[in-house]
Structure formats: structure tokens, C-alpha cells
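Participant: Quick one: this structure, given as C-alpha cells, is what I'll be asking you about.
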Amino acid sequence: MRAFKPLIPASYTEKFTDSETLRLFETFTVIPSIDLKGGKVVRLLRGDLTRVTTYSDDPAGMARGFEAQGARLIHIVDLDGAVAGEPRNLDSIRAIRAAVRCDLDVSGGLRTIDAIRHAVEAGANWISIGSAALLNPELLADASREMKGRVFGSIDVRDGKPQIKGWVEAGDLDVETVAGRFRDAGVAALIVTDIGRDGTEMGVDAPRWAALARTLSMPLIASGGVATLADLQALRSSFAGGVAGVIVGRALYEGRFTLAEAIAAAR
């Protein structure tokens with residue numbers, strides 16, 4: 001399997017000091033998602049906070065199951081924090097950290113450096129910043145310096161337009177401009193979520209993600225709409241072009257396939 005690392009310009013990889021950061025992108029990575037609301041594992045439909053399906057009241061147990069099936073990284077979204085502007089599910093994140101050894105990526109409500117530090121103290125190995133990069137560019141720069149190589153940028157897109165503040169307000173910038181801001185700050189990768197497909201199992205827009213990845217010169221992690229193993233394989237086919245991984249949520253919870261099956265299909 002061709003490694004992703006050589007495809008990243010040397011000027012970009014020189015920003016990283018952590019070998020684990022680069023190792024994450026040596027193979028296409030399937031990343032299970034745990035979305036937290038009120039301490040429970042939920043999924044939203046198209047980012048609508050009023051359309052919630054609850055799957056478990058045991059986030060730590062869910063994480064253990066994912067790790068047992070081969071998860072190298074679990075993506076955790078604090079939905080309450082995304083709306084409130086500060087973390088609201090740190091206790092659940094601590095419980096997950098105590099339950100698993102794999103890496104955790106935490107997002108939602110990380111709009112100050114103190115909030116980011118709280119997430120790290122709770123167990124995050126990585127943090128994802130979305131709204132804060134649009135509202136406070138200095139925070140992104142500070143976080144990238146403090147957690148060198150351990151910051152993901154995150155763009156939530158609805159109808160081609162970036163969203164901010166927990167998916168309830170639209171920004172004025174286009175996706176490419178926002179992506180460029182993240183790239184210039186030296187984030188390790190860019191998570192792009194298609195809100196129109198998120199939680200719907202409509203299938204992924206693989207050509208769209210492939211085209212965006214080609215313009216970025218940085219790893220892109222696709223999110224939103226995964227329904228079948230074929231979706232994962234379609235994204236995997238663009239690995240050499242920069243699509244480094246995929247976040248999977250509802251399809252796992254609804255039993256369309258297991259995480260172990262997803263990882264095997266995407267090899």
C-alpha cells in the first residue's frame with residue numbers, strides 16, 4: 001500500500017515533530033464517531049439538533065467495542081459544547097479515555113485555549129477546531145503551536161457553504177478559502193462534513209472529496225453520508241490523491257456493517 005506521507009510537501013511535514021502524526025496518514029483510516037449529547041451516544045439527521053436518535057447511554061462501552069474491532073482513532077463530538085461554545089461532556093470523554101488505549105479526537109465547543117486544554121486533560125490526543133478558526137483565527141494559530149501536529153481543522157458544509165456555531169449559522173467564506181486558512185495554520189488534516197448527507201446514509205460524494213483533496217496539499221478526512229462498504233472503497237480509491245480517511249457514524253450504529261468489516265473493505 002502506498003504511504004500518504006511522501007505525497008505531503010516537505011515544507012508541510014516539517015511542521016510536524018510527532019511521528020505518530022505522520023503515521024496516522026500512512027494508510028487510509030476508517031474513524032468511528034461517537035457524538036455526545038447529555039452524556040449519551042446519539043446521531044443527528046442533517047445536523048438538526050431537534051432530530052436526534054439515541055443509541056447508547058454508555059459512551060465508554062461503545063468506545064471499547066470500536067477499539068476491539070480495530071479502531072486506531074475515535075472521533076468524539078461534543079454536540080452540547082458545539083452549541084454552548086464550551087465543552088459540556090468532559091465527564092463522558094474522561095470515561096472513554098479510561099476505557100480505551102486508542103487515540104481520541106475531540107471536537108465541539110473548543111473556542112478558547114483553556115477549553116482545548118480541558119479537552120486534552122480529559123483525554124484527547126487530537127483536537128478538531130471548526131467555528132473557532134472562522135471566529136478567532138488567532139486561536140487556531142495558538143492551538144497549532146501548543147499541540148503541534150495534533151490539531152485537525154474541521155469544516156461543516158451545507159449546500160456548499162461552511163457553517164459555524166454548531167451548524168446553526170452560515171459563514172461568509174467559501175470552502176476553499178476556509179480550507180486554505182487551516183492549511184496555512186499547519187493543521188494535521190482537514191475534516192470536511194457534508195451536513196446535507198450527515199446521518200442520512202445517502203452515500204458519499206466521493207468525486208467531490210477527491211477534487212477538494214487535490215487542491216489542498218494536505219490530508220482530507222471525509223464525513224457524512226456513508227451507507228455501504230462501497231462508499232468506503234470509493235473514498236479509499238482517492239487515497240493517493242489526498243483523501244486520507246473517513247468518519248463513519250450512523251451506518252455503524254444501524255448495523256449496515258461492522259467497524260471490522262469497514263476497516264477490511266478499505267484496505
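Ligands are numbered from 1 in the order shown, residues from 1 within each chain, and chains are lettered A, B, ... in the order they appear in the C-alpha cells.
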From the DSSP assignment of the backbone, select every residue of stretch 146-256 of chain A that is strand (DSSP E or B), and format the answer as a VMD selection string.
Facilitator: chain A and resid 151 to 158 161 to 164 169 to 170 189 to 194 220 to 223 243 to 248
Participant: Can I get the selection written as a short mmCIF file (atom, residue, chain, number, x, y, z; two decimals), in the first residue's frame, with N, CA and C atoms?
Facilitator:
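As a result, out-v7.cif now contains:
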data_model
loop_
_atom_site.label_atom_id
_atom_site.label_comp_id
_atom_site.auth_asym_id
_atom_site.auth_seq_id
_atom_site.Cartn_x
_atom_site.Cartn_y
_atom_site.Cartn_z
N VAL A 151 -3.60 18.94 15.71
CA VAL A 151 -4.81 19.73 15.50
C VAL A 151 -5.38 19.42 14.13
N PHE A 152 -6.66 19.08 14.10
CA PHE A 152 -7.38 18.93 12.84
C PHE A 152 -8.22 20.19 12.63
N GLY A 153 -8.28 20.64 11.38
CA GLY A 153 -9.28 21.63 11.02
C GLY A 153 -10.57 20.92 10.71
N SER A 154 -11.69 21.59 10.89
CA SER A 154 -12.99 20.96 10.64
C SER A 154 -13.92 21.94 9.95
N ILE A 155 -14.43 21.55 8.81
CA ILE A 155 -15.38 22.37 8.06
C ILE A 155 -16.68 21.60 7.92
N ASP A 156 -17.76 22.17 8.40
CA ASP A 156 -19.10 21.62 8.19
C ASP A 156 -19.73 22.38 7.03
N VAL A 157 -20.17 21.65 6.02
CA VAL A 157 -20.64 22.27 4.78
C VAL A 157 -22.10 21.91 4.53
N ARG A 158 -22.89 22.92 4.26
CA ARG A 158 -24.29 22.71 3.87
C ARG A 158 -24.52 23.47 2.58
N LYS A 161 -21.68 25.64 1.50
CA LYS A 161 -21.33 26.81 2.31
C LYS A 161 -20.91 26.37 3.70
N PRO A 162 -19.77 26.86 4.20
CA PRO A 162 -19.34 26.50 5.56
C PRO A 162 -20.34 26.98 6.60
N GLN A 163 -20.52 26.17 7.66
CA GLN A 163 -21.41 26.50 8.76
C GLN A 163 -20.58 26.72 10.03
N ILE A 164 -21.07 27.58 10.91
CA ILE A 164 -20.38 27.84 12.16
C ILE A 164 -21.37 27.76 13.32
N GLU A 169 -25.40 28.60 12.04
CA GLU A 169 -25.17 29.85 11.34
C GLU A 169 -24.23 29.62 10.18
N ALA A 170 -24.47 30.30 9.07
CA ALA A 170 -23.62 30.16 7.90
C ALA A 170 -22.53 31.21 7.91
N ALA A 189 -4.65 17.71 9.45
CA ALA A 189 -5.58 17.23 8.43
C ALA A 189 -6.83 18.10 8.48
N LEU A 190 -7.66 17.97 7.46
CA LEU A 190 -8.91 18.73 7.40
C LEU A 190 -10.08 17.76 7.34
N ILE A 191 -10.97 17.84 8.33
CA ILE A 191 -12.20 17.06 8.32
C ILE A 191 -13.28 17.90 7.63
N VAL A 192 -13.89 17.35 6.60
CA VAL A 192 -14.96 18.06 5.89
C VAL A 192 -16.23 17.22 5.99
N THR A 193 -17.26 17.79 6.62
CA THR A 193 -18.52 17.09 6.83
C THR A 193 -19.60 17.67 5.92
N ASP A 194 -20.22 16.82 5.13
CA ASP A 194 -21.34 17.22 4.29
C ASP A 194 -22.61 17.10 5.14
N LEU A 220 -7.16 15.01 3.74
CA LEU A 220 -8.58 15.32 3.91
C LEU A 220 -9.27 14.09 4.48
N ILE A 221 -10.08 14.29 5.51
CA ILE A 221 -10.89 13.23 6.10
C ILE A 221 -12.35 13.53 5.78
N ALA A 222 -12.99 12.65 5.04
CA ALA A 222 -14.37 12.86 4.60
C ALA A 222 -15.35 12.41 5.68
N SER A 223 -16.49 13.09 5.74
CA SER A 223 -17.51 12.75 6.73
C SER A 223 -18.89 13.09 6.18
N VAL A 243 -7.28 11.89 -0.09
CA VAL A 243 -8.36 11.53 0.83
C VAL A 243 -7.79 10.48 1.79
N ALA A 244 -7.45 10.94 3.00
CA ALA A 244 -6.68 10.11 3.92
C ALA A 244 -7.54 9.21 4.80
N GLY A 245 -8.83 9.51 4.91
CA GLY A 245 -9.67 8.70 5.79
C GLY A 245 -11.11 9.12 5.71
N VAL A 246 -11.93 8.44 6.52
CA VAL A 246 -13.37 8.71 6.54
C VAL A 246 -13.88 8.51 7.95
N ILE A 247 -14.82 9.36 8.34
CA ILE A 247 -15.52 9.22 9.62
C ILE A 247 -16.85 8.54 9.37
N VAL A 248 -17.13 7.52 10.16
CA VAL A 248 -18.37 6.75 9.98
C VAL A 248 -19.17 6.76 11.27
#
Participant: Which neighbours of stretch 39-51 of chain A fall inside 10 Å, counting only C-alpha atoms, when residues of the same chain fewer than 5 positions from it are skipped, and could you give them as a PyMOL selection string?
Facilitator: chain A and resi 33-34+56-60+62+76-80+83+88-93+156+158+166-168+193-201+224-225+249-250+253
Participant: Which residues are close to A:Asp103, i.e. within 9 Å by only C-alpha atoms, leaving aside same-chain residues fewer than 4 positions away? Reply as an MDAnalysis selection string.
Facilitator: chainID A and resid 71:75 97 123:126
Participant: Write out as a ChimeraX atom specification all residues of stretch 3-191 of chain A that backbone DSSP assigns to alpha helix (DSSP H).
Facilitator: /A:10-13,19-24,59-68,79-84,90-99,113-122,131-135,137-146,175-185
Participant: Could you jot down the atom CA of A:Ala230 to atom CA of A:Ala264 separation for me, Å, one decimal place?
Facilitator: 11.8 Å
Participant: Could you pull the residues within 9 Å of stretch 138-142 of chain A, counting only C-alpha atoms, minus those fewer than 6 positions along the same chain, as a PyMOL selection string?
Facilitator: chain A and resi 111-113+129+132+151+153+182+185-187
Participant: Could those residues be written to a file, using N, CA and C atoms, as a PDB file, in the first residue's frame?
Facilitator:
ATOM      1  N   ARG A 111     -13.410  26.748  21.753  1.00  0.00           N
ATOM      2  CA  ARG A 111     -13.280  28.110  21.228  1.00  0.00           C
ATOM      3  C   ARG A 111     -12.333  28.985  22.026  1.00  0.00           C
ATOM      4  N   THR A 112     -11.701  28.407  23.027  1.00  0.00           N
ATOM      5  CA  THR A 112     -10.657  29.118  23.774  1.00  0.00           C
ATOM      6  C   THR A 112      -9.522  28.138  24.027  1.00  0.00           C
ATOM      7  N   ILE A 113      -8.337  28.665  24.296  1.00  0.00           N
ATOM      8  CA  ILE A 113      -7.207  27.785  24.567  1.00  0.00           C
ATOM      9  C   ILE A 113      -7.439  27.005  25.855  1.00  0.00           C
ATOM     10  N   ILE A 129     -10.822  21.780  15.434  1.00  0.00           N
ATOM     11  CA  ILE A 129     -11.346  23.132  15.574  1.00  0.00           C
ATOM     12  C   ILE A 129     -12.072  23.524  14.301  1.00  0.00           C
ATOM     13  N   ALA A 132     -14.171  28.054  15.648  1.00  0.00           N
ATOM     14  CA  ALA A 132     -13.190  28.960  16.244  1.00  0.00           C
ATOM     15  C   ALA A 132     -12.215  29.500  15.217  1.00  0.00           C
ATOM     16  N   VAL A 151      -3.596  18.943  15.712  1.00  0.00           N
ATOM     17  CA  VAL A 151      -4.814  19.731  15.504  1.00  0.00           C
ATOM     18  C   VAL A 151      -5.378  19.419  14.125  1.00  0.00           C
ATOM     19  N   GLY A 153      -8.280  20.636  11.381  1.00  0.00           N
ATOM     20  CA  GLY A 153      -9.276  21.633  11.022  1.00  0.00           C
ATOM     21  C   GLY A 153     -10.572  20.919  10.708  1.00  0.00           C
ATOM     22  N   PHE A 182      -6.933  26.864   7.192  1.00  0.00           N
ATOM     23  CA  PHE A 182      -6.471  25.737   8.002  1.00  0.00           C
ATOM     24  C   PHE A 182      -5.105  25.246   7.538  1.00  0.00           C
ATOM     25  N   ALA A 185      -2.298  27.402   8.614  1.00  0.00           N
ATOM     26  CA  ALA A 185      -2.026  27.326  10.052  1.00  0.00           C
ATOM     27  C   ALA A 185      -1.273  26.051  10.412  1.00  0.00           C
ATOM     28  N   GLY A 186      -1.178  25.117   9.455  1.00  0.00           N
ATOM     29  CA  GLY A 186      -0.417  23.896   9.692  1.00  0.00           C
ATOM     30  C   GLY A 186      -1.158  22.808  10.421  1.00  0.00           C
ATOM     31  N   VAL A 187      -2.486  22.741  10.247  1.00  0.00           N
ATOM     32  CA  VAL A 187      -3.214  21.643  10.895  1.00  0.00           C
ATOM     33  C   VAL A 187      -2.789  20.319  10.282  1.00  0.00           C
TER      34      VAL A 187
END
Participant: Calculated over only C-alpha atoms, which of the candidates A:His118, A:Arg181, A:Arg150, A:Arg64 has the smallest distance to A:Asp105?
Facilitator: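 Checking each candidate against A:Asp105, we get A:Arg150 as the closest.
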Participant: Could you check the closest approach to A:Thr54 for each of A:Ala115, A:Gly70, A:Asp35, A:Arg23 and tell me which residue wins, using only C-alpha atoms?
Facilitator: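 Smallest separation from A:Thr54 among the options: A:Asp35.
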Participant: Closest to A:Lys37 among A:Val52, A:Val175, A:Leu252, A:Leu24, using only C-alpha atoms?
Facilitator: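 Ranked by minimum distance to A:Lys37, first place goes to A:Val52.
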Participant: Skip stretch 232-235 of chain A itself and residues of its chain fewer than 2 positions away, then list as a PyMOL selection string all residues within 6 Å of it, counting only C-alpha atoms.
Facilitator: chain A and resi 206+229-230+237-238+266
Participant: Please dump the current selection as a compact mmCIF listing (two decimals), in the first residue's frame; keep N, CA and C atoms.
Facilitator:
# COMPACT_ATOMS: atom_id res chain seq x y z
N ALA A 206 -18.00 10.96 -3.33
CA ALA A 206 -16.57 10.69 -3.41
C ALA A 206 -15.84 11.58 -4.43
N LEU A 229 -20.27 -0.39 2.30
CA LEU A 229 -18.84 -0.63 2.17
C LEU A 229 -18.31 -0.07 0.86
N ALA A 230 -19.16 -0.01 -0.15
CA ALA A 230 -18.75 0.55 -1.44
C ALA A 230 -18.40 2.03 -1.30
N SER A 237 -10.23 4.79 -2.90
CA SER A 237 -9.62 4.86 -4.23
C SER A 237 -8.96 6.21 -4.48
N SER A 238 -9.31 7.21 -3.69
CA SER A 238 -8.70 8.54 -3.84
C SER A 238 -7.62 8.80 -2.80
N ALA A 266 -11.71 -1.24 3.36
CA ALA A 266 -11.00 -0.03 2.96
C ALA A 266 -9.48 -0.23 2.89
Participant: Out of A:Ala188, A:Ala122, A:Arg214, A:Gly109, which residue has the shortest atom-to-atom distance to A:Arg145 when counting only C-alpha atoms?
Facilitator: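 Using only C-alpha atoms, the shortest distance to A:Arg145 belongs to A:Ala188.
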Participant: What's the separation between atom CA of A:Gly81 and atom CA of A:Glu67, in Å to one decimal place?
Facilitator: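 Between these atoms lies a distance of 24.5 Å.
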